[in-house]
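Content type mmCIF, C-alpha atoms and all ligand atoms, from the file work25.cif:
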```cif
data_my_file
#
loop_
_atom_site.label_atom_id
_atom_site.label_comp_id
_atom_site.auth_asym_id
_atom_site.auth_seq_id
_atom_site.Cartn_x
_atom_site.Cartn_y
_atom_site.Cartn_z
CA MET K 287 109.63 114.52 99.43
CA THR K 288 109.62 111.04 100.97
CA LYS K 289 107.89 108.70 98.57
CA LYS K 290 105.57 106.01 99.91
CA ARG K 291 106.82 102.54 99.12
CA ILE K 292 104.21 100.58 97.14
CA GLY K 293 103.71 96.87 96.55
CA VAL K 294 101.48 95.82 93.64
CA LEU K 295 99.62 92.51 93.35
CA ILE K 296 98.74 91.26 89.87
CA SER K 297 97.52 88.12 88.14
CA GLY K 298 97.65 89.00 84.46
CA ARG K 299 97.93 91.68 81.83
CA GLY K 300 99.04 94.45 84.19
CA SER K 301 97.81 97.46 82.25
CA ASN K 302 96.82 99.20 85.49
CA LEU K 303 100.24 98.34 86.90
CA GLN K 304 101.70 100.01 83.78
CA ALA K 305 99.67 103.15 84.48
CA LEU K 306 101.07 103.24 88.02
CA ILE K 307 104.62 102.61 86.74
CA ASP K 308 104.27 105.46 84.25
CA ALA K 309 102.87 107.84 86.88
CA ALA K 310 105.63 106.97 89.33
CA GLU K 311 108.26 108.03 86.80
CA ASP K 312 107.36 111.64 87.57
CA PRO K 313 109.87 112.84 90.19
CA ASP K 314 107.04 114.67 91.95
CA TYR K 315 104.83 111.57 92.25
CA PRO K 316 104.50 110.68 95.95
CA ALA K 317 104.85 106.90 95.49
CA LYS K 318 107.50 104.46 94.32
CA ILE K 319 106.75 100.84 93.37
CA VAL K 320 109.19 98.60 95.24
CA LEU K 321 107.82 95.15 94.45
CA VAL K 322 105.34 93.51 92.07
CA ILE K 323 103.98 90.12 93.08
CA SER K 324 102.04 87.85 90.72
CA ASN K 325 100.26 84.68 91.76
CA VAL K 326 100.52 83.52 88.12
CA ALA K 327 103.89 82.63 86.63
CA GLY K 328 104.61 84.42 83.35
CA ALA K 329 101.91 87.07 83.84
CA GLN K 330 102.34 89.90 81.32
CA GLY K 331 102.54 92.42 84.15
CA LEU K 332 105.76 90.82 85.40
CA ALA K 333 107.46 91.72 82.11
CA ARG K 334 106.18 95.29 82.46
CA ALA K 335 107.77 95.54 85.92
CA ASP K 336 111.01 93.96 84.68
CA ALA K 337 111.17 96.49 81.86
CA ALA K 338 110.86 99.29 84.43
CA GLY K 339 113.56 97.77 86.65
CA ILE K 340 111.10 96.95 89.44
CA PRO K 341 111.72 93.76 91.46
CA THR K 342 109.18 91.00 90.90
CA LEU K 343 108.17 87.78 92.59
CA THR K 344 105.84 84.98 91.61
CA ILE K 345 104.07 83.51 94.62
CA SER K 346 101.68 80.86 93.38
CA HIS K 347 98.66 80.05 95.50
CA LYS K 348 99.06 76.49 94.22
CA ASP K 349 102.20 76.11 96.33
CA TYR K 350 100.33 76.76 99.60
CA SER K 351 97.93 74.52 101.46
CA SER K 352 95.75 77.34 102.77
CA ARG K 353 94.71 80.87 101.86
CA GLU K 354 96.27 82.08 105.13
CA SER K 355 99.72 80.60 104.40
CA PHE K 356 99.66 82.03 100.85
CA ASP K 357 98.70 85.44 102.22
CA THR K 358 101.41 85.26 104.89
CA ALA K 359 104.02 84.61 102.21
CA ILE K 360 102.79 87.69 100.33
CA THR K 361 102.90 89.89 103.43
CA GLU K 362 106.42 88.67 104.31
CA ALA K 363 107.69 89.46 100.82
CA LEU K 364 106.05 92.89 100.88
CA GLU K 365 107.49 93.70 104.29
CA ASP K 366 110.96 92.48 103.27
CA ALA K 367 110.71 95.01 100.43
CA GLY K 368 109.62 97.73 102.87
CA ALA K 369 106.21 98.20 101.25
CA GLU K 370 104.00 100.64 103.14
CA LEU K 371 100.98 100.60 100.83
CA LEU K 372 99.55 97.82 98.70
CA CYS K 373 97.71 98.12 95.37
CA ASN K 374 95.71 95.30 93.82
CA ALA K 375 95.79 95.66 90.05
CA GLY K 376 93.88 92.80 88.50
CA PHE K 377 94.76 90.39 91.32
CA MET K 378 92.32 87.51 91.00
CA ARG K 379 92.52 85.87 94.43
CA LEU K 380 90.34 86.58 97.44
CA HIS K 381 92.26 87.60 100.57
CA SER K 382 91.92 86.06 104.03
CA GLU K 383 90.38 88.30 106.65
CA SER K 384 93.69 88.41 108.58
CA PHE K 385 95.49 89.70 105.47
CA VAL K 386 92.88 92.40 104.98
CA ARG K 387 93.17 93.40 108.66
CA HIS K 388 96.96 93.51 108.42
CA TRP K 389 96.87 95.98 105.50
CA TRP K 390 93.80 97.87 106.79
CA ASN K 391 93.61 101.38 105.26
CA ARG K 392 96.92 100.71 103.49
CA HIS K 393 95.46 98.57 100.69
CA LEU K 394 93.74 99.73 97.49
CA ASN K 395 91.84 97.92 94.75
CA ILE K 396 90.48 99.03 91.39
CA HIS K 397 87.17 97.67 90.16
CA PRO K 398 85.61 98.30 86.72
CA SER K 399 82.20 99.58 87.84
CA LEU K 400 80.70 102.38 89.87
CA LEU K 401 80.64 100.57 93.22
CA PRO K 402 78.56 99.60 95.09
CA ASP K 403 76.90 98.58 91.81
CA PHE K 404 78.14 95.54 89.89
CA LYS K 405 80.55 93.97 92.35
CA GLY K 406 82.25 90.79 91.19
CA LEU K 407 83.17 89.37 87.80
CA ASP K 408 81.70 89.88 84.29
CA THR K 409 80.91 93.46 85.20
CA HIS K 410 80.54 94.86 81.70
CA ALA K 411 78.19 92.14 80.44
CA ARG K 412 75.96 92.69 83.48
CA VAL K 413 76.00 96.48 83.00
CA LEU K 414 74.85 95.98 79.39
CA GLU K 415 72.16 93.46 80.38
CA ALA K 416 70.82 95.91 82.97
CA GLY K 417 70.57 98.64 80.32
CA GLU K 418 72.75 101.08 82.27
CA LYS K 419 73.66 104.25 80.39
CA ILE K 420 76.55 105.21 82.63
CA THR K 421 79.18 102.96 84.17
CA GLY K 422 82.74 103.59 85.28
CA CYS K 423 85.44 102.51 87.67
CA THR K 424 86.23 102.79 91.36
CA VAL K 425 89.37 102.81 93.50
CA HIS K 426 88.60 101.79 97.08
CA PHE K 427 90.29 100.62 100.26
CA VAL K 428 90.04 96.85 100.64
CA ARG K 429 87.68 95.32 103.18
CA PRO K 430 86.96 91.64 103.91
CA GLU K 431 83.89 91.57 101.65
CA MET K 432 84.94 91.61 97.99
CA ASP K 433 84.62 94.95 96.15
CA THR K 434 83.54 96.87 99.22
CA GLY K 435 85.36 99.51 101.24
CA PRO K 436 85.84 103.25 101.54
CA ILE K 437 85.88 104.83 98.08
CA VAL K 438 88.88 107.00 97.18
CA ALA K 439 87.85 108.02 93.66
CA GLN K 440 85.47 107.13 90.85
CA ALA K 441 85.24 107.98 87.17
CA GLU K 442 82.11 107.80 85.04
CA VAL K 443 82.16 106.29 81.56
CA PRO K 444 79.24 106.38 79.10
CA VAL K 445 77.66 103.19 77.81
CA LEU K 446 77.18 103.74 74.07
CA PRO K 447 74.66 102.20 71.65
CA GLY K 448 76.05 99.01 70.15
CA ASP K 449 78.54 98.44 72.97
CA THR K 450 79.69 94.89 73.59
CA PRO K 451 81.34 93.79 76.84
CA GLU K 452 84.65 94.17 75.00
CA THR K 453 84.13 97.71 73.66
CA LEU K 454 82.82 98.81 77.05
CA ALA K 455 85.76 97.17 78.85
CA THR K 456 88.18 99.04 76.60
CA ARG K 457 86.51 102.39 77.32
CA VAL K 458 86.38 101.74 81.07
CA LEU K 459 90.00 100.55 81.08
CA GLU K 460 91.16 103.89 79.66
CA ALA K 461 89.42 105.58 82.58
CA GLU K 462 90.99 103.11 85.02
CA HIS K 463 94.43 104.06 83.76
CA ARG K 464 93.76 107.70 84.64
CA LEU K 465 91.93 106.99 87.90
CA TYR K 466 94.33 104.62 89.64
CA PRO K 467 97.40 106.90 89.50
CA HIS K 468 95.20 109.79 90.66
CA ALA K 469 93.77 107.81 93.59
CA LEU K 470 97.16 106.49 94.65
CA ARG K 471 98.51 110.03 94.55
CA LEU K 472 95.74 111.15 96.89
CA VAL K 473 96.45 108.36 99.38
CA ALA K 474 100.25 108.33 99.17
CA SER K 475 100.53 112.10 99.56
CA GLY K 476 98.27 112.04 102.62
CA ALA K 477 95.76 114.35 100.90
CA VAL K 478 93.03 111.91 101.90
CA HIS K 479 92.56 109.42 104.71
CA VAL K 480 89.89 107.13 106.12
CA GLU K 481 87.63 108.47 108.84
CA GLY K 482 85.01 106.04 110.04
CA GLU K 483 84.38 104.18 106.80
CA ALA K 484 84.62 107.21 104.51
CA VAL K 485 87.56 108.73 102.69
CA VAL K 486 87.92 112.39 103.56
CA GLY K 487 90.38 115.12 102.63
CA THR K 488 91.32 117.27 99.73
CA ALA K 489 90.99 116.24 96.10
CA LEU K 490 94.27 117.24 94.45
C1 LIG F 1 90.86 95.74 85.38
O1 LIG F 1 89.69 95.96 84.63
C2 LIG F 1 90.62 95.94 86.85
O2 LIG F 1 89.66 96.91 87.12
C3 LIG F 1 90.10 94.58 87.26
O3 LIG F 1 90.86 93.67 86.51
C4 LIG F 1 91.32 94.29 85.32
C5 LIG F 1 92.81 94.17 85.33
O4 LIG F 1 93.40 94.61 84.12
N1 LIG F 1 90.21 94.43 88.69
P1 LIG F 1 94.98 94.81 84.06
O5 LIG F 1 95.62 93.50 84.49
O6 LIG F 1 95.33 95.94 84.98
O7 LIG F 1 95.26 95.13 82.63
#
```

In structure tokens, write the structure found in this file.
Amino acid sequence: MTKKRIGVLISGRGSNLQALIDAAEDPDYPAKIVLVISNVAGAQGLARADAAGIPTLTISHKDYSSRESFDTAITEALEDAGAELLCNAGFMRLHSESFVRHWWNRHLNIHPSLLPDFKGLDTHARVLEAGEKITGCTVHFVRPEMDTGPIVAQAEVPVLPGDTPETLATRVLEAEHRLYPHALRLVASGAVHVEGEAVVGTAL
């Protein structure tokens, strides 16, 4: 099996990165992480990649005068590493449209809600305020508008009485850690692909 070469973009804790690292340890997993890039020096996720022997880079947006030049530096580093697919895992910068076009249908993101509901930040607090009884998480292909794009996979998570944004975030995060490796497997193996603006194919 030829494994797809994956780049991962992070800004912080990197628990979703860890879930991908753990999944990719399986010899039968169709993807291999070849580079982790953080825009934040010292991000916890960088230590996770180091511990797994995965090359890392810090590319700080503060060192670039424009979003485009920052994004170009990221693409160059990814291409030097031979990355074929890109996964955002808690990456907290918006991308330029040219970056999104460059990685079109080769670029995944995970968001902690059932998209298209609750795009953006502070998801869990807004879910609680709205009185939702079910929330969840979504892995989708990246499009220029934030938290939109063809959906690869979703998982539902119950909202329980007494939940705070923190308890709900913890429950959703556990689902994220199962969903992201599953969704990446679907894409990397070629089991699913984008047709029009929908993801079609076989759920493994
Ligand atoms: C996750 O909840 C993810 O859905 C969101 O940012 C958080 C990142 O957490 N995009 P981690 O860095 O993967 O632990």

Margin query: as a PyMOL selection string, please: every protein or nucleic acid residue near ligand LIG 1 (chain F) (cut-off 6 Å, counting only C-alpha atoms and all ligand atoms).
Written below: chain K and resi 298-303+375-376+396-398+459

Notebook entry, point to check: Could you pull the residues within 12 Å of stretch 405-409 of chain K, counting all atoms listed in the file, minus those fewer than 4 positions along the same chain, as a ChimeraX atom specification?
Noted result: /K:376,378-380,396-401,413-416,418,421-424,431-435,450-452,454-455,458

Next item on the list: Point out the residue among K:His410, K:Pro316, K:Ala359, K:Arg291 with the least atom-to-atom distance to K:Leu472, counting all atoms listed in the file.
Entry: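 Among the listed residues, the smallest separation from K:Leu472 belongs to K:Pro316.
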
Notebook entry, point to check: If we count only C-alpha atoms, what is near K:Gly293 at a cut-off of 12 Å, once residues fewer than 3 positions away on the same chain are taken out, given as a VMD selection string?
Noted result: chain K and resid 290 296 303 306 to 307 317 to 324 335 340 to 343 360 to 375 389 392 to 394 470

Notebook entry, point to check: Using all atoms listed in the file, which residue out of K:Phe385, K:Phe404, K:Tyr315, K:Trp390 lies closest to K:Arg353?
Noted result: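 That would be K:Phe385, the residue with the smallest distance to K:Arg353.
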
Next item on the list: Could you tell me which of K:Val485, K:Ala411, K:Val428, K:Val480 comes closest to K:Glu383 if we count only C-alpha atoms?
Entry: K:Val428

Filled-in N, CA, C and O atoms of stretch 358-372 of chain K, supplied as a short mmCIF file (atom, residue, chain, number, x, y, z; two decimals), in the coordinates of the input:
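Output contents, as saved in selection31.cif:
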```cif
data_model
loop_
_atom_site.label_atom_id
_atom_site.label_comp_id
_atom_site.auth_asym_id
_atom_site.auth_seq_id
_atom_site.Cartn_x
_atom_site.Cartn_y
_atom_site.Cartn_z
N THR K 358 100.27 84.96 104.03
CA THR K 358 101.41 85.26 104.89
C THR K 358 102.68 85.39 104.06
O THR K 358 103.51 86.29 104.31
N ALA K 359 102.84 84.53 103.07
CA ALA K 359 104.02 84.61 102.21
C ALA K 359 104.04 85.95 101.46
O ALA K 359 105.10 86.58 101.30
N ILE K 360 102.87 86.41 101.03
CA ILE K 360 102.79 87.69 100.33
C ILE K 360 103.17 88.83 101.28
O ILE K 360 103.99 89.70 100.94
N THR K 361 102.59 88.82 102.48
CA THR K 361 102.90 89.89 103.43
C THR K 361 104.40 89.90 103.76
O THR K 361 105.03 90.96 103.83
N GLU K 362 104.98 88.72 103.97
CA GLU K 362 106.42 88.67 104.31
C GLU K 362 107.26 89.27 103.19
O GLU K 362 108.18 90.04 103.44
N ALA K 363 106.92 88.93 101.95
CA ALA K 363 107.69 89.46 100.82
C ALA K 363 107.52 90.98 100.73
O ALA K 363 108.49 91.71 100.48
N LEU K 364 106.30 91.45 100.94
CA LEU K 364 106.05 92.89 100.88
C LEU K 364 106.82 93.61 101.99
O LEU K 364 107.41 94.68 101.77
N GLU K 365 106.82 93.02 103.17
CA GLU K 365 107.49 93.70 104.29
C GLU K 365 109.01 93.63 104.12
O GLU K 365 109.71 94.59 104.46
N ASP K 366 109.52 92.54 103.57
CA ASP K 366 110.96 92.48 103.27
C ASP K 366 111.36 93.60 102.32
O ASP K 366 112.47 94.12 102.38
N ALA K 367 110.43 93.94 101.41
CA ALA K 367 110.71 95.01 100.43
C ALA K 367 110.42 96.40 101.02
O ALA K 367 110.60 97.41 100.34
N GLY K 368 109.92 96.44 102.23
CA GLY K 368 109.62 97.73 102.87
C GLY K 368 108.38 98.40 102.33
O GLY K 368 108.23 99.62 102.42
N ALA K 369 107.44 97.60 101.79
CA ALA K 369 106.21 98.20 101.25
C ALA K 369 105.36 98.77 102.38
O ALA K 369 105.18 98.14 103.42
N GLU K 370 104.86 99.98 102.15
CA GLU K 370 104.00 100.64 103.14
C GLU K 370 102.54 100.62 102.70
O GLU K 370 101.64 100.71 103.53
N LEU K 371 102.33 100.62 101.40
CA LEU K 371 100.98 100.60 100.83
C LEU K 371 100.94 99.49 99.79
O LEU K 371 101.94 99.19 99.15
N LEU K 372 99.73 98.95 99.61
CA LEU K 372 99.55 97.82 98.70
C LEU K 372 98.45 98.16 97.70
O LEU K 372 97.40 98.68 98.09
#
```
